[in-house]
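Engineer: Below: one structure in structure tokens.
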Amino acid sequence: MKKKTRRFLLFFLILVLPSLAIGGYTVYKHFEGDFSQVIFMLKGVRQKDISKLLFGRFLKDNTTDVGTMADAGDEQPDSRVPVTVFKAFVTGFRDTLPALGTLKGYRETKLGFEKNGIIRTFNYKPGDLVPEGELICSLQKTENEIRIRHCEAKVAEANSSLSLAKNRLERATQKYELGGTSKSLYEEALLEYEKSTHQLETAKIELENAKHDLLKCDLFAPYEGILGNKYVEVGETITMNTLVCDLIDVDYMIVVIGVVERDIEKLQTGQRVSIFVDAYPDREFIGTVESLAPVVEGQSRTFSVEIKVANPQNVLLPGMFARVRINVFEQKNALVIPASALVRQKNKFITLVIDPETFAVTERPVSVAYATTDYAVISRGLKEGEIVVIGEKEGVGEGMTVKIIEEQMPEK
């Protein structure tokens with residue numbers, strides 16, 4: 001080792017190290033038990049992670065005390081209860097009850113013939129609009145037409161017989177009055193006349209029945225509607241029990257939905273209903289509640305509700321899937337707060353209202369006009385713009401001062 005290097009090491013070991021040790025010990029003893037003068041310096045170097053280099057064992061032994069003292073020197077802890085709040089606002093409020101259903105015609109009639117026969121013509125196909133009174137289909141009429149001609153001949157024959165009997169009766173009556181014939185011959189002529197009269201009446205009745213039977217060979221539309229299912233084809237033999245086709249009145253449509261027991265009290269006849277179908281996704285059809293079933297049905301434990309909707313352009317068709325929204329409550333300029341702001345006390349509701357200047361809490365009784373799981377409409381006890389506590393309210397009560405940590409806004 002060079003001579004100069006040895007001299008430097010001796011100088012460092014004999015003079016520099018002892019001086020640093022004495023100076024460090026002096027500083028430690030000077031600040032021991034009183035660190036208020038170095039708090040500011042410690043906070044500055046703590047975040048840069050160089051405090052260990054500056055203070056070494058000093059910080060290792062006293063980290064907890066220094067941190068506690070530094071925090072205490074900054075500020076006192078806030079003992080106010082943190083709360084989430086909401087500002088009461090006025091808006092148009094509507095609550096709807098969603099449901100699903102299937103459209104059907106206001107009237108759906110299964111048509112058939114009143115007699116046996118063979119289908120001769122079918123004038124419409126499924127989906128066609130059939131005007132009221134128009135002929136839908138008919139049976140072969142040859143047999144009925146022959147029967148009518150036969151009855152007409154019998155009527156003509158009965159008329160001739162009656163005419164002869166009438167002439168005979170007139171001559172017998174004249175002779176009997178003049179004494180030129182016996183009473184028995186007169187009575188015989190009278191009985192013949194009456195018999196001919198009855199025969200004519202019978203022939204007319206048979207003719208009328210034959211004509212009526214001929215009318216049964218034609219099937220007419222009892223009202224305007226769409227031809228639904230077609231169950232027979234031309235040439236097919238049918239009986240009186242054979243279904244021929246369905247006729248559906250589409251001037252109005254009916255949607256049948258099921259409503260659970262807890263919601264049935266929200267409904268009444270005449271209530272407004274919005275209906276949407278996939279064929280017209282951007283169009284709203286307006287209907288009304290037509291009827292409510294008086295009993296719970298089936299295993300689903302639901303009430304059957306019928307909704308009537310106008311269909312002036314016949315765009316709604318039977319079988320369409322319908323999404324229904326029943327307006328169970330609607331109010332303009334309603335004062336609304338979240339339902340979580342309500343606190344139930346026996347038979348009344350209160351809200352915790354916060355003074356925006358002092359942050360003091362006041363328990364305010366309110367009257368609830370309507371409530372859902374999300375929002376409540378307040379009819380009395382609260383004003384627009386007042387701040388209420390929502391969500392967790394444990395430890396919050398009358399006269400307390402709170403700290404607002406979040407203000408929620410109404411959903412758009």
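The way I read the labels, and the way they are meant: chains A, B, ... in the order of the structure tokens, residue 1 as the first residue of every chain, and ligand 1 as the first ligand shown, with later ones counted on from there.
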Tell me which protein, DNA and RNA residues are within 6 Å of A:Leu219, counting only C-alpha atoms, leaving out same-chain ones fewer than 3 positions away, and put them as JSON, numbers by chain.
Structural biologist: {"A": [135, 136, 137, 138]}
Engineer: Can you tell me which residues surround stretch 289-300 of chain A at a distance of at most 7 Å, considering only C-alpha atoms, apart from same-chain residues fewer than 5 positions away, and format the answer as a list in words?
Structural biologist: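 The contact residues come out as Gln268, Thr269, Gly270, Gln271, Arg272, Val305, Glu306, Ile307 and Lys308 of chain A.
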Engineer: Could you go through stretch 84-206 of chain A and tell me which residues DSSP, when run on the backbone, assigns to strand (DSSP E), listing them as a ChimeraX atom specification?
Structural biologist: /A:84-87,89-111,117-122,129-130,135-139
Engineer: Next, write the just-selected residues to a file, as an mmCIF file, in the first residue's frame, keeping C-alpha atoms as the atom set.
Structural biologist:
```cif
data_model
loop_
_atom_site.group_PDB
_atom_site.id
_atom_site.type_symbol
_atom_site.label_atom_id
_atom_site.label_comp_id
_atom_site.auth_asym_id
_atom_site.auth_seq_id
_atom_site.Cartn_x
_atom_site.Cartn_y
_atom_site.Cartn_z
ATOM 1 C CA THR A 84 -74.889 9.631 1.092
ATOM 2 C CA VAL A 85 -77.575 12.145 0.129
ATOM 3 C CA PHE A 86 -80.086 12.944 -2.590
ATOM 4 C CA LYS A 87 -81.772 16.217 -3.525
ATOM 5 C CA PHE A 89 -86.691 16.940 -7.416
ATOM 6 C CA VAL A 90 -89.927 17.505 -9.330
ATOM 7 C CA THR A 91 -90.633 15.534 -12.504
ATOM 8 C CA GLY A 92 -93.336 13.707 -14.421
ATOM 9 C CA PHE A 93 -93.562 10.301 -12.738
ATOM 10 C CA ARG A 94 -94.955 7.100 -14.223
ATOM 11 C CA ASP A 95 -94.828 3.569 -12.901
ATOM 12 C CA THR A 96 -95.577 0.703 -15.257
ATOM 13 C CA LEU A 97 -96.198 -2.990 -14.748
ATOM 14 C CA PRO A 98 -94.478 -5.034 -17.501
ATOM 15 C CA ALA A 99 -96.001 -8.237 -18.865
ATOM 16 C CA LEU A 100 -95.915 -10.507 -21.883
ATOM 17 C CA GLY A 101 -98.816 -11.893 -23.883
ATOM 18 C CA THR A 102 -100.126 -13.002 -27.269
ATOM 19 C CA LEU A 103 -102.609 -11.153 -29.458
ATOM 20 C CA LYS A 104 -105.926 -12.701 -30.419
ATOM 21 C CA GLY A 105 -109.013 -11.389 -32.159
ATOM 22 C CA TYR A 106 -111.742 -9.603 -30.252
ATOM 23 C CA ARG A 107 -114.069 -12.309 -31.618
ATOM 24 C CA GLU A 108 -112.873 -15.654 -32.933
ATOM 25 C CA THR A 109 -115.599 -17.884 -34.407
ATOM 26 C CA LYS A 110 -115.281 -21.431 -35.705
ATOM 27 C CA LEU A 111 -117.626 -21.807 -38.681
ATOM 28 C CA GLY A 117 -122.615 -32.342 -48.025
ATOM 29 C CA ILE A 118 -119.621 -31.958 -50.323
ATOM 30 C CA ILE A 119 -117.570 -28.740 -50.507
ATOM 31 C CA ARG A 120 -118.120 -27.175 -53.943
ATOM 32 C CA THR A 121 -116.355 -23.775 -53.673
ATOM 33 C CA PHE A 122 -114.088 -21.906 -51.245
ATOM 34 C CA LEU A 129 -110.248 -10.004 -45.059
ATOM 35 C CA VAL A 130 -113.838 -11.184 -45.472
ATOM 36 C CA LEU A 135 -120.053 -15.960 -49.144
ATOM 37 C CA ILE A 136 -117.057 -17.864 -47.787
ATOM 38 C CA CYS A 137 -117.756 -21.313 -49.248
ATOM 39 C CA SER A 138 -120.656 -23.492 -50.419
ATOM 40 C CA LEU A 139 -121.743 -27.121 -50.789
#
```
Engineer: Mind pulling up the distance from atom CA of A:Asp246 to atom CA of A:Ala310?
Structural biologist: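 Going from atom CA of A:Ala310 over to atom CA of A:Asp246 covers 20.7 Å.
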Engineer: Calculated over only C-alpha atoms, which of the candidates A:Lys183, A:Lys115, A:Arg283, A:His150 has the smallest distance to A:Asp213?
Structural biologist: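 Looking at the shortest contact to A:Asp213, the residue is A:Lys115.
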